[in-house]
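Asker: Here you go, this is query-v5.cif (mmCIF, C-alpha atoms, pLDDT in the B column; chains and numbers go by the auth columns).
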data_work
loop_
_atom_site.group_PDB
_atom_site.id
_atom_site.type_symbol
_atom_site.label_atom_id
_atom_site.label_comp_id
_atom_site.label_asym_id
_atom_site.label_seq_id
_atom_site.Cartn_x
_atom_site.Cartn_y
_atom_site.Cartn_z
_atom_site.B_iso_or_equiv
_atom_site.auth_seq_id
_atom_site.auth_asym_id
ATOM 1 C CA MET A 1 -16.080 47.942 37.876 42.00 13 L
ATOM 2 C CA GLY A 2 -18.746 45.407 38.942 42.00 14 L
ATOM 3 C CA ILE A 3 -18.414 42.134 40.767 36.00 15 L
ATOM 4 C CA TRP A 4 -18.193 40.118 37.496 35.00 16 L
ATOM 5 C CA PRO A 5 -14.601 39.544 36.365 41.00 17 L
ATOM 6 C CA ASN A 6 -13.464 40.405 32.880 43.00 18 L
ATOM 7 C CA LEU A 7 -14.744 37.442 30.826 38.00 19 L
ATOM 8 C CA PRO A 8 -11.700 37.031 28.510 42.00 20 L
ATOM 9 C CA VAL A 9 -9.410 37.080 31.541 36.00 21 L
ATOM 10 C CA ALA A 10 -11.605 34.576 33.364 38.00 22 L
ATOM 11 C CA ALA A 11 -11.631 32.317 30.327 39.00 23 L
ATOM 12 C CA GLY A 12 -7.863 32.480 30.148 41.00 24 L
ATOM 13 C CA LEU A 13 -7.550 31.609 33.831 33.00 25 L
ATOM 14 C CA ALA A 14 -9.914 28.685 33.380 36.00 26 L
ATOM 15 C CA ALA A 15 -7.932 27.385 30.426 39.00 27 L
ATOM 16 C CA ALA A 16 -4.690 27.694 32.356 37.00 28 L
ATOM 17 C CA LEU A 17 -6.224 25.883 35.312 32.00 29 L
ATOM 18 C CA ALA A 18 -7.502 23.097 33.054 39.00 30 L
ATOM 19 C CA ALA A 19 -4.102 22.756 31.441 41.00 31 L
ATOM 20 C CA GLY A 20 -2.498 22.671 34.837 41.00 32 L
ATOM 21 C CA ILE A 21 -4.805 19.922 35.975 37.00 33 L
ATOM 22 C CA ALA A 22 -4.093 17.980 32.785 42.00 34 L
ATOM 23 C CA GLY A 23 -0.409 18.310 33.514 45.00 35 L
ATOM 24 C CA CYS A 24 -0.789 16.678 36.879 45.00 36 L
ATOM 25 C CA GLY A 25 -0.232 12.980 37.225 46.00 37 L
ATOM 26 C CA SER A 26 0.051 10.594 40.093 43.00 38 L
ATOM 27 C CA ILE A 27 2.863 8.459 41.392 40.00 39 L
ATOM 28 C CA ARG A 28 2.843 5.738 43.954 40.00 40 L
ATOM 29 C CA ALA A 29 4.566 6.447 47.220 37.00 41 L
ATOM 30 C CA GLY A 30 6.421 3.672 48.974 41.00 42 L
ATOM 31 C CA ASP A 31 3.372 2.832 51.042 43.00 43 L
ATOM 32 C CA GLY A 32 1.130 2.620 47.973 43.00 44 L
ATOM 33 C CA ARG A 33 -0.528 6.042 48.360 45.00 45 L
ATOM 34 C CA ALA A 34 -1.047 8.074 45.189 45.00 46 L
ATOM 35 C CA ASP A 35 0.636 11.492 45.351 51.00 47 L
ATOM 36 C CA SER A 36 -0.097 14.171 42.760 50.00 48 L
ATOM 37 C CA VAL A 37 2.843 15.548 40.825 55.00 49 L
ATOM 38 C CA PHE A 38 3.068 18.204 38.139 48.00 50 L
ATOM 39 C CA ASP A 39 4.680 17.218 34.841 60.00 51 L
ATOM 40 C CA PRO A 40 5.323 20.333 32.711 57.00 52 L
ATOM 41 C CA GLY A 41 5.948 18.129 29.687 55.00 53 L
ATOM 42 C CA GLN A 42 2.280 17.181 29.589 60.00 54 L
ATOM 43 C CA LEU A 43 1.398 20.766 28.677 62.00 55 L
ATOM 44 C CA ALA A 44 3.194 20.309 25.342 86.00 56 L
ATOM 45 C CA LYS A 45 1.294 17.165 24.375 92.00 57 L
ATOM 46 C CA THR A 46 -1.869 16.746 22.358 93.00 58 L
ATOM 47 C CA ASP A 47 -4.282 13.839 22.578 94.00 59 L
ATOM 48 C CA ILE A 48 -2.755 12.469 19.374 94.00 60 L
ATOM 49 C CA ASP A 49 0.711 12.593 20.946 95.00 61 L
ATOM 50 C CA ARG A 50 -0.557 10.456 23.810 96.00 62 L
ATOM 51 C CA VAL A 51 -2.256 8.080 21.383 96.00 63 L
ATOM 52 C CA ALA A 52 1.024 7.742 19.453 97.00 64 L
ATOM 53 C CA GLU A 53 2.888 6.955 22.668 97.00 65 L
ATOM 54 C CA ALA A 54 0.298 4.327 23.605 97.00 66 L
ATOM 55 C CA HIS A 55 0.598 2.638 20.203 98.00 67 L
ATOM 56 C CA ARG A 56 4.386 2.762 20.380 98.00 68 L
ATOM 57 C CA ALA A 57 4.329 1.118 23.804 98.00 69 L
ATOM 58 C CA GLU A 58 2.054 -1.641 22.476 98.00 70 L
ATOM 59 C CA VAL A 59 4.288 -2.274 19.461 98.00 71 L
ATOM 60 C CA PHE A 60 7.405 -2.740 21.561 98.00 72 L
ATOM 61 C CA ARG A 61 5.532 -4.748 24.184 98.00 73 L
ATOM 62 C CA GLY A 62 4.427 -7.055 21.361 98.00 74 L
ATOM 63 C CA LEU A 63 7.974 -7.359 20.020 98.00 75 L
ATOM 64 C CA ARG A 64 9.207 -8.352 23.461 98.00 76 L
ATOM 65 C CA VAL A 65 6.497 -11.012 23.736 97.00 77 L
ATOM 66 C CA LEU A 66 7.473 -12.244 20.273 98.00 78 L
ATOM 67 C CA ALA A 67 11.141 -12.493 21.285 98.00 79 L
ATOM 68 C CA GLU A 68 10.274 -14.447 24.431 98.00 80 L
ATOM 69 C CA LYS A 69 8.044 -16.864 22.508 97.00 81 L
ATOM 70 C CA LEU A 70 10.640 -17.440 19.794 97.00 82 L
ATOM 71 C CA TYR A 71 13.448 -18.041 22.259 97.00 83 L
ATOM 72 C CA ARG A 72 11.233 -20.426 24.208 96.00 84 L
ATOM 73 C CA ARG A 73 10.566 -22.487 21.081 96.00 85 L
ATOM 74 C CA ASN A 74 14.137 -22.115 19.773 97.00 86 L
ATOM 75 C CA PRO A 75 16.483 -22.201 22.800 97.00 87 L
ATOM 76 C CA ARG A 76 19.437 -23.000 20.546 97.00 88 L
ATOM 77 C CA GLU A 77 19.253 -19.428 19.251 97.00 89 L
ATOM 78 C CA TRP A 78 19.886 -17.639 22.541 96.00 90 L
ATOM 79 C CA ARG A 79 22.659 -20.116 23.274 96.00 91 L
ATOM 80 C CA LYS A 80 24.393 -19.064 20.037 94.00 92 L
ATOM 81 C CA GLY A 81 24.749 -15.548 21.434 87.00 93 L
ATOM 82 C CA GLY A 82 26.301 -16.775 24.676 89.00 94 L
ATOM 83 C CA SER A 83 23.548 -15.382 26.911 92.00 95 L
ATOM 84 C CA ALA A 84 23.106 -16.829 30.391 94.00 96 L
ATOM 85 C CA GLY A 85 19.465 -17.619 29.655 96.00 97 L
ATOM 86 C CA LEU A 86 16.326 -16.657 27.809 97.00 98 L
ATOM 87 C CA GLU A 87 15.582 -13.572 29.909 97.00 99 L
ATOM 88 C CA ALA A 88 19.133 -12.283 29.570 97.00 100 L
ATOM 89 C CA ALA A 89 18.955 -12.682 25.797 98.00 101 L
ATOM 90 C CA VAL A 90 15.668 -10.755 25.613 98.00 102 L
ATOM 91 C CA ASP A 91 16.956 -8.008 27.925 98.00 103 L
ATOM 92 C CA ARG A 92 19.989 -7.589 25.702 97.00 104 L
ATOM 93 C CA LEU A 93 17.818 -7.176 22.604 97.00 105 L
ATOM 94 C CA PHE A 94 15.843 -4.383 24.266 98.00 106 L
ATOM 95 C CA ASP A 95 18.852 -2.693 25.890 97.00 107 L
ATOM 96 C CA PRO A 96 18.423 1.009 24.991 96.00 108 L
ATOM 97 C CA ARG A 97 22.197 1.441 24.909 96.00 109 L
ATOM 98 C CA LEU A 98 22.379 -0.782 21.816 96.00 110 L
ATOM 99 C CA ALA A 99 19.584 1.167 20.089 95.00 111 L
ATOM 100 C CA TRP A 100 18.770 -1.873 17.909 97.00 112 L
ATOM 101 C CA ARG A 101 22.317 -1.993 16.540 96.00 113 L
ATOM 102 C CA LEU A 102 23.546 -5.454 17.501 97.00 114 L
ATOM 103 C CA PRO A 103 27.310 -5.824 17.086 95.00 115 L
ATOM 104 C CA GLU A 104 27.069 -9.351 15.668 95.00 116 L
ATOM 105 C CA LEU A 105 24.904 -8.102 12.780 95.00 117 L
ATOM 106 C CA GLU A 106 27.867 -6.089 11.468 91.00 118 L
ATOM 107 C CA GLY A 107 25.994 -2.895 10.793 94.00 119 L
ATOM 108 C CA ARG A 108 22.777 -4.489 9.515 96.00 120 L
ATOM 109 C CA THR A 109 19.657 -2.923 10.987 97.00 121 L
ATOM 110 C CA GLY A 110 15.956 -2.822 10.184 97.00 122 L
ATOM 111 C CA VAL A 111 14.819 -4.936 7.248 97.00 123 L
ATOM 112 C CA ASP A 112 18.435 -5.803 6.358 97.00 124 L
ATOM 113 C CA ALA A 113 18.704 -7.588 9.715 98.00 125 L
ATOM 114 C CA VAL A 114 15.353 -9.321 9.144 98.00 126 L
ATOM 115 C CA ARG A 115 16.572 -10.636 5.788 97.00 127 L
ATOM 116 C CA LEU A 116 19.648 -12.031 7.522 97.00 128 L
ATOM 117 C CA ALA A 117 17.445 -13.940 9.967 97.00 129 L
ATOM 118 C CA PHE A 118 15.978 -15.931 7.070 97.00 130 L
ATOM 119 C CA GLY A 119 19.221 -16.585 5.220 95.00 131 L
ATOM 120 C CA GLU A 120 19.805 -20.330 4.880 93.00 132 L
ATOM 121 C CA ASP A 121 23.525 -20.060 5.582 94.00 133 L
ATOM 122 C CA TYR A 122 23.251 -17.680 8.550 96.00 134 L
ATOM 123 C CA ARG A 123 24.855 -19.240 11.614 95.00 135 L
ATOM 124 C CA GLY A 124 24.094 -16.565 14.188 96.00 136 L
ATOM 125 C CA ASP A 125 21.149 -15.991 16.513 98.00 137 L
ATOM 126 C CA ARG A 126 18.173 -15.819 14.134 98.00 138 L
ATOM 127 C CA VAL A 127 15.799 -14.541 16.813 98.00 139 L
ATOM 128 C CA ALA A 128 18.123 -11.638 17.582 98.00 140 L
ATOM 129 C CA ALA A 129 18.396 -10.791 13.891 98.00 141 L
ATOM 130 C CA LEU A 130 14.625 -11.017 13.353 98.00 142 L
ATOM 131 C CA VAL A 131 13.369 -9.182 16.440 98.00 143 L
ATOM 132 C CA GLY A 132 16.322 -6.788 16.462 98.00 144 L
ATOM 133 C CA GLY A 133 15.593 -5.947 12.826 98.00 145 L
ATOM 134 C CA LEU A 134 11.860 -5.480 13.432 98.00 146 L
ATOM 135 C CA GLY A 135 12.614 -3.375 16.510 98.00 147 L
ATOM 136 C CA GLY A 136 14.999 -1.155 14.579 98.00 148 L
ATOM 137 C CA MET A 137 12.457 -0.780 11.785 98.00 149 L
ATOM 138 C CA ALA A 138 9.683 0.155 14.233 98.00 150 L
ATOM 139 C CA HIS A 139 12.050 2.561 16.006 98.00 151 L
ATOM 140 C CA ALA A 140 12.687 4.278 12.660 98.00 152 L
ATOM 141 C CA ALA A 141 8.934 4.421 11.943 98.00 153 L
ATOM 142 C CA PHE A 142 8.504 6.296 15.229 98.00 154 L
ATOM 143 C CA ASN A 143 11.283 8.729 14.246 97.00 155 L
ATOM 144 C CA GLU A 144 13.573 7.097 16.829 96.00 156 L
ATOM 145 C CA LYS A 145 11.608 8.731 19.652 96.00 157 L
ATOM 146 C CA ASN A 146 10.012 7.329 22.789 94.00 158 L
ATOM 147 C CA GLU A 147 7.908 10.393 23.550 95.00 159 L
ATOM 148 C CA PHE A 148 5.975 12.835 21.361 95.00 160 L
ATOM 149 C CA PHE A 149 5.038 16.498 21.688 94.00 161 L
ATOM 150 C CA VAL A 150 3.019 19.102 19.787 90.00 162 L
ATOM 151 C CA ILE A 151 5.824 19.817 17.311 88.00 163 L
ATOM 152 C CA ASP A 152 6.271 16.127 16.423 90.00 164 L
ATOM 153 C CA ASP A 153 4.660 14.573 13.361 92.00 165 L
ATOM 154 C CA LEU A 154 5.044 10.920 12.467 97.00 166 L
ATOM 155 C CA ASP A 155 5.143 9.911 8.806 97.00 167 L
ATOM 156 C CA PRO A 156 2.030 7.812 8.043 98.00 168 L
ATOM 157 C CA GLN A 157 3.801 6.191 5.059 98.00 169 L
ATOM 158 C CA LYS A 158 6.613 4.882 7.253 98.00 170 L
ATOM 159 C CA LEU A 159 4.092 3.441 9.716 98.00 171 L
ATOM 160 C CA TYR A 160 2.146 1.851 6.843 98.00 172 L
ATOM 161 C CA ASN A 161 5.331 0.374 5.352 98.00 173 L
ATOM 162 C CA ALA A 162 6.334 -0.980 8.759 98.00 174 L
ATOM 163 C CA ALA A 163 2.955 -2.734 9.045 98.00 175 L
ATOM 164 C CA ARG A 164 3.381 -4.358 5.608 97.00 176 L
ATOM 165 C CA ASN A 165 6.889 -5.463 6.542 98.00 177 L
ATOM 166 C CA MET A 166 5.497 -7.108 9.672 98.00 178 L
ATOM 167 C CA GLU A 167 3.167 -9.087 7.390 96.00 179 L
ATOM 168 C CA VAL A 168 6.071 -10.199 5.211 97.00 180 L
ATOM 169 C CA ALA A 169 8.142 -11.160 8.273 97.00 181 L
ATOM 170 C CA ALA A 170 5.247 -13.188 9.699 96.00 182 L
ATOM 171 C CA TRP A 171 4.888 -15.057 6.388 95.00 183 L
ATOM 172 C CA LYS A 172 8.619 -15.740 6.174 96.00 184 L
ATOM 173 C CA LEU A 173 8.660 -16.965 9.767 96.00 185 L
ATOM 174 C CA ALA A 174 5.924 -19.473 8.978 94.00 186 L
ATOM 175 C CA SER A 175 7.265 -20.613 5.604 94.00 187 L
ATOM 176 C CA SER A 176 11.079 -20.372 5.539 95.00 188 L
ATOM 177 C CA ARG A 177 12.855 -23.728 5.508 95.00 189 L
ATOM 178 C CA GLY A 178 16.458 -24.823 5.621 94.00 190 L
ATOM 179 C CA PRO A 179 18.141 -27.284 3.194 93.00 191 L
ATOM 180 C CA ASP A 180 16.872 -30.124 5.401 94.00 192 L
ATOM 181 C CA GLY A 181 13.287 -29.010 4.905 94.00 193 L
ATOM 182 C CA LEU A 182 12.876 -28.012 8.551 95.00 194 L
ATOM 183 C CA PRO A 183 11.728 -24.522 9.636 96.00 195 L
ATOM 184 C CA LEU A 184 14.550 -22.065 10.176 97.00 196 L
ATOM 185 C CA LEU A 185 12.686 -20.957 13.299 97.00 197 L
ATOM 186 C CA LEU A 186 9.913 -22.869 15.041 95.00 198 L
ATOM 187 C CA SER A 187 6.787 -20.776 15.572 94.00 199 L
ATOM 188 C CA ASN A 188 3.156 -21.713 14.905 87.00 200 L
ATOM 189 C CA GLU A 189 2.286 -25.393 14.949 77.00 201 L
ATOM 190 C CA MET A 190 -0.798 -27.300 13.875 66.00 202 L
ATOM 191 C CA ALA A 191 -0.197 -30.578 15.703 57.00 203 L
ATOM 192 C CA PRO A 192 -0.617 -32.138 18.169 66.00 204 L
ATOM 193 C CA VAL A 193 -2.587 -29.005 19.090 60.00 205 L
ATOM 194 C CA HIS A 194 -3.143 -25.753 17.215 63.00 206 L
ATOM 195 C CA ASN A 195 -0.783 -22.991 18.357 72.00 207 L
ATOM 196 C CA LEU A 196 -1.272 -19.764 16.419 84.00 208 L
ATOM 197 C CA SER A 197 -0.037 -17.415 19.133 89.00 209 L
ATOM 198 C CA PHE A 198 2.748 -16.061 16.905 94.00 210 L
ATOM 199 C CA GLU A 199 0.240 -15.205 14.198 93.00 211 L
ATOM 200 C CA ARG A 200 -1.962 -13.414 16.726 95.00 212 L
ATOM 201 C CA GLU A 201 0.982 -11.423 18.095 96.00 213 L
ATOM 202 C CA PHE A 202 1.965 -10.301 14.616 97.00 214 L
ATOM 203 C CA GLY A 203 -1.673 -9.369 14.029 97.00 215 L
ATOM 204 C CA ARG A 204 -1.609 -7.031 17.031 97.00 216 L
ATOM 205 C CA LEU A 205 1.627 -5.404 15.830 98.00 217 L
ATOM 206 C CA ILE A 206 0.186 -4.848 12.359 98.00 218 L
ATOM 207 C CA ALA A 207 -3.095 -3.473 13.731 98.00 219 L
ATOM 208 C CA ASN A 208 -1.317 -0.953 15.974 98.00 220 L
ATOM 209 C CA LEU A 209 0.867 0.339 13.151 98.00 221 L
ATOM 210 C CA ASP A 210 -2.016 0.514 10.664 98.00 222 L
ATOM 211 C CA THR A 211 -4.292 2.331 13.109 98.00 223 L
ATOM 212 C CA LEU A 212 -1.651 4.926 13.925 98.00 224 L
ATOM 213 C CA SER A 213 -0.837 5.336 10.222 98.00 225 L
ATOM 214 C CA ARG A 214 -4.472 6.249 9.536 97.00 226 L
ATOM 215 C CA ILE A 215 -4.526 8.683 12.463 97.00 227 L
ATOM 216 C CA MET A 216 -1.369 10.392 11.224 97.00 228 L
ATOM 217 C CA GLU A 217 -2.637 10.435 7.657 97.00 229 L
ATOM 218 C CA ASP A 218 -5.650 12.400 8.850 96.00 230 L
ATOM 219 C CA LYS A 219 -3.579 14.692 11.077 94.00 231 L
ATOM 220 C CA THR A 220 -0.861 15.540 8.565 94.00 232 L
ATOM 221 C CA ARG A 221 -3.081 15.445 5.447 94.00 233 L
ATOM 222 C CA ARG A 222 -0.500 13.225 3.776 94.00 234 L
ATOM 223 C CA THR A 223 -1.884 10.514 1.521 95.00 235 L
ATOM 224 C CA VAL A 224 -0.426 7.067 2.072 97.00 236 L
ATOM 225 C CA VAL A 225 0.520 5.170 -1.073 97.00 237 L
ATOM 226 C CA LYS A 226 -0.985 1.712 -0.664 95.00 238 L
ATOM 227 C CA VAL A 227 0.974 -1.268 -1.939 91.00 239 L
ATOM 228 C CA ILE A 228 -0.698 -4.452 -3.167 88.00 240 L
ATOM 229 C CA GLN A 229 1.526 -7.521 -3.304 86.00 241 L
ATOM 230 C CA THR A 230 1.175 -11.239 -2.699 87.00 242 L
ATOM 231 C CA LEU A 231 3.023 -12.609 0.297 79.00 243 L
ATOM 232 C CA ALA A 232 4.835 -15.226 -1.765 79.00 244 L
ATOM 233 C CA THR A 233 6.544 -12.516 -3.828 86.00 245 L
ATOM 234 C CA ALA A 234 6.386 -9.643 -1.334 88.00 246 L
ATOM 235 C CA VAL A 235 9.403 -7.445 -0.728 93.00 247 L
ATOM 236 C CA PHE A 236 10.223 -5.376 2.311 96.00 248 L
ATOM 237 C CA LEU A 237 9.262 -1.727 1.952 97.00 249 L
ATOM 238 C CA PRO A 238 11.607 1.112 2.940 96.00 250 L
ATOM 239 C CA VAL A 239 11.363 2.521 6.466 97.00 251 L
ATOM 240 C CA PRO A 240 14.360 4.837 6.484 94.00 252 L
ATOM 241 C CA ALA A 241 16.028 5.826 9.731 90.00 253 L
ATOM 242 C CA LEU A 242 16.809 9.439 10.514 85.00 254 L
ATOM 243 C CA LYS A 243 20.063 10.745 9.129 72.00 255 L
#
Would you mind writing the file's structure down as structure tokens?
Answerer:
Amino acid sequence: MGIWPNLPVAAGLAAALAAGIAGCGSIRAGDGRADSVFDPGQLAKTDIDRVAEAHRAEVFRGLRVLAEKLYRRNPREWRKGGSAGLEAAVDRLFDPRLAWRLPELEGRTGVDAVRLAFGEDYRGDRVAALVGGLGGMAHAAFNEKNEFFVIDDLDPQKLYNAARNMEVAAWKLASSRGPDGLPLLLSNEMAPVHNLSFEREFGRLIANLDTLSRIMEDKTRRTVVKVIQTLATAVFLPVPALK
């Protein structure tokens, strides 16, 4: 036997070493130093899994921003729920123990909760119904998971439908009026200065869901059925939760 190692064995060792390095991360010690740690879970992730997690994080970050903006413009809504303040109301919405099932919505989740938010006779917290419904819908589109591994496949159709529903919700937010002709929820405004920050936030949510839908369509080889509808007559598309 010569000095050169068996090439297949060497290749295997190199692959294992590379995987091991990929599985290492860094955490901040109390004094700010970065310490390397090994996370075995990273070995079971593909690049697409990490991309999916990044898009999921952006979607829920955007929903939290949306909730904060809506409560800031509509403080009467968080007061309806009896919260101590705006931050407490937002924290409650994103409490993982509730899992987007708000008791006051009486079992309504996802798009059913969103519809409730725009009901003229609804007397509850419209922001909670809207953002809670959108959060539950997005949670269902991500198969009710926070983290993804090699064996996980997201349904590109559900992600696509969730993006279209975000468009419908954005339109309803901008156009829905009560019997008095006033907006059910204040959002964008054109005077005295233009404020289209709500529209931009919805745009980011839609872009994240659409991008991930296309990635998953390519990965799973499932063809997404595109839906063409005008916003004025648009209906919410199904994004079923897991059984």
Asker: Out of L:Lys57, L:Arg88, L:Arg216, L:Arg189, which residue has the shortest atom-to-atom distance to Glu70 (chain L) when counting only C-alpha atoms?
Answerer: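 Closest to Glu70 (chain L) of all the choices is L:Arg216.
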Asker: Please evaluate the PyMOL selection byres ((chain L and resi 121) around 12) against the structure above and give the resulting residues as a ChimeraX atom specification.
Answerer: /L:110-120,122-129,140-152,251-253
Asker: Name all residues at most 10 Å from region 161-175 of chain L (count all atoms listed in the file; drop same-chain ones fewer than 5 positions away) and give them as a ChimeraX atom specification.
Answerer: /L:53-62,64-65,122-123,146,149-155,180-181,214-215,217-239,248-253
Asker: If you keep C-alpha atoms, can you produce a file of those selected residues as a PDB file, in the coordinates of the input?
Answerer:
ATOM      1  CA  GLY L  53       5.948  18.129  29.687  1.00 55.00           C
ATOM      2  CA  GLN L  54       2.280  17.181  29.589  1.00 60.00           C
ATOM      3  CA  LEU L  55       1.398  20.766  28.677  1.00 62.00           C
ATOM      4  CA  ALA L  56       3.194  20.309  25.342  1.00 86.00           C
ATOM      5  CA  LYS L  57       1.294  17.165  24.375  1.00 92.00           C
ATOM      6  CA  THR L  58      -1.869  16.746  22.358  1.00 93.00           C
ATOM      7  CA  ASP L  59      -4.282  13.839  22.578  1.00 94.00           C
ATOM      8  CA  ILE L  60      -2.755  12.469  19.374  1.00 94.00           C
ATOM      9  CA  ASP L  61       0.711  12.593  20.946  1.00 95.00           C
ATOM     10  CA  ARG L  62      -0.557  10.456  23.810  1.00 96.00           C
ATOM     11  CA  ALA L  64       1.024   7.742  19.453  1.00 97.00           C
ATOM     12  CA  GLU L  65       2.888   6.955  22.668  1.00 97.00           C
ATOM     13  CA  GLY L 122      15.956  -2.822  10.184  1.00 97.00           C
ATOM     14  CA  VAL L 123      14.819  -4.936   7.248  1.00 97.00           C
ATOM     15  CA  LEU L 146      11.860  -5.480  13.432  1.00 98.00           C
ATOM     16  CA  MET L 149      12.457  -0.780  11.785  1.00 98.00           C
ATOM     17  CA  ALA L 150       9.683   0.155  14.233  1.00 98.00           C
ATOM     18  CA  HIS L 151      12.050   2.561  16.006  1.00 98.00           C
ATOM     19  CA  ALA L 152      12.687   4.278  12.660  1.00 98.00           C
ATOM     20  CA  ALA L 153       8.934   4.421  11.943  1.00 98.00           C
ATOM     21  CA  PHE L 154       8.504   6.296  15.229  1.00 98.00           C
ATOM     22  CA  ASN L 155      11.283   8.729  14.246  1.00 97.00           C
ATOM     23  CA  VAL L 180       6.071 -10.199   5.211  1.00 97.00           C
ATOM     24  CA  ALA L 181       8.142 -11.160   8.273  1.00 97.00           C
ATOM     25  CA  PHE L 214       1.965 -10.301  14.616  1.00 97.00           C
ATOM     26  CA  GLY L 215      -1.673  -9.369  14.029  1.00 97.00           C
ATOM     27  CA  LEU L 217       1.627  -5.404  15.830  1.00 98.00           C
ATOM     28  CA  ILE L 218       0.186  -4.848  12.359  1.00 98.00           C
ATOM     29  CA  ALA L 219      -3.095  -3.473  13.731  1.00 98.00           C
ATOM     30  CA  ASN L 220      -1.317  -0.953  15.974  1.00 98.00           C
ATOM     31  CA  LEU L 221       0.867   0.339  13.151  1.00 98.00           C
ATOM     32  CA  ASP L 222      -2.016   0.514  10.664  1.00 98.00           C
ATOM     33  CA  THR L 223      -4.292   2.331  13.109  1.00 98.00           C
ATOM     34  CA  LEU L 224      -1.651   4.926  13.925  1.00 98.00           C
ATOM     35  CA  SER L 225      -0.837   5.336  10.222  1.00 98.00           C
ATOM     36  CA  ARG L 226      -4.472   6.249   9.536  1.00 97.00           C
ATOM     37  CA  ILE L 227      -4.526   8.683  12.463  1.00 97.00           C
ATOM     38  CA  MET L 228      -1.369  10.392  11.224  1.00 97.00           C
ATOM     39  CA  GLU L 229      -2.637  10.435   7.657  1.00 97.00           C
ATOM     40  CA  ASP L 230      -5.650  12.400   8.850  1.00 96.00           C
ATOM     41  CA  LYS L 231      -3.579  14.692  11.077  1.00 94.00           C
ATOM     42  CA  THR L 232      -0.861  15.540   8.565  1.00 94.00           C
ATOM     43  CA  ARG L 233      -3.081  15.445   5.447  1.00 94.00           C
ATOM     44  CA  ARG L 234      -0.500  13.225   3.776  1.00 94.00           C
ATOM     45  CA  THR L 235      -1.884  10.514   1.521  1.00 95.00           C
ATOM     46  CA  VAL L 236      -0.426   7.067   2.072  1.00 97.00           C
ATOM     47  CA  VAL L 237       0.520   5.170  -1.073  1.00 97.00           C
ATOM     48  CA  LYS L 238      -0.985   1.712  -0.664  1.00 95.00           C
ATOM     49  CA  VAL L 239       0.974  -1.268  -1.939  1.00 91.00           C
ATOM     50  CA  PHE L 248      10.223  -5.376   2.311  1.00 96.00           C
ATOM     51  CA  LEU L 249       9.262  -1.727   1.952  1.00 97.00           C
ATOM     52  CA  PRO L 250      11.607   1.112   2.940  1.00 96.00           C
ATOM     53  CA  VAL L 251      11.363   2.521   6.466  1.00 97.00           C
ATOM     54  CA  PRO L 252      14.360   4.837   6.484  1.00 94.00           C
ATOM     55  CA  ALA L 253      16.028   5.826   9.731  1.00 90.00           C
TER      56      ALA L 253
END
Asker: Compare L:Asn158, L:Ser187, L:Leu98, L:Ile240 by their minimum atom-to-atom distance to Ala66 (chain L), counting only C-alpha atoms, and give me the closest one.
Answerer: L:Asn158
Asker: Decode the PyMOL selection byres ((chain L and resi 99) around 12) for the given file into explicit residues and return them as a PyMOL selection string.
Answerer: chain L and resi 76-77+79-84+87+90-91+95-98+100-106
Asker: For this file, the PyMOL selection byres ((chain L and resi 243-245) around 7) selects which residues, as a PDB file with C-alpha atoms, in the frame of the given file?
Answerer:
ATOM      1  CA  VAL L 180       6.071 -10.199   5.211  1.00 97.00           C
ATOM      2  CA  TRP L 183       4.888 -15.057   6.388  1.00 95.00           C
ATOM      3  CA  GLN L 241       1.526  -7.521  -3.304  1.00 86.00           C
ATOM      4  CA  THR L 242       1.175 -11.239  -2.699  1.00 87.00           C
ATOM      5  CA  ALA L 246       6.386  -9.643  -1.334  1.00 88.00           C
ATOM      6  CA  VAL L 247       9.403  -7.445  -0.728  1.00 93.00           C
TER       7      VAL L 247
END
Asker: Taking into account only C-alpha atoms, which residue in the set L:Arg176, L:Leu254, L:Glu213, L:Leu194 is nearest to Leu75 (chain L)?
Answerer: L:Glu213
Asker: For a test of reading the model, state the distance in Å between CA of Leu78 (chain L) and CA of Phe130 (chain L), rounded to one decimal.
Answerer: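 Interatomic distance here is 16.1 Å.
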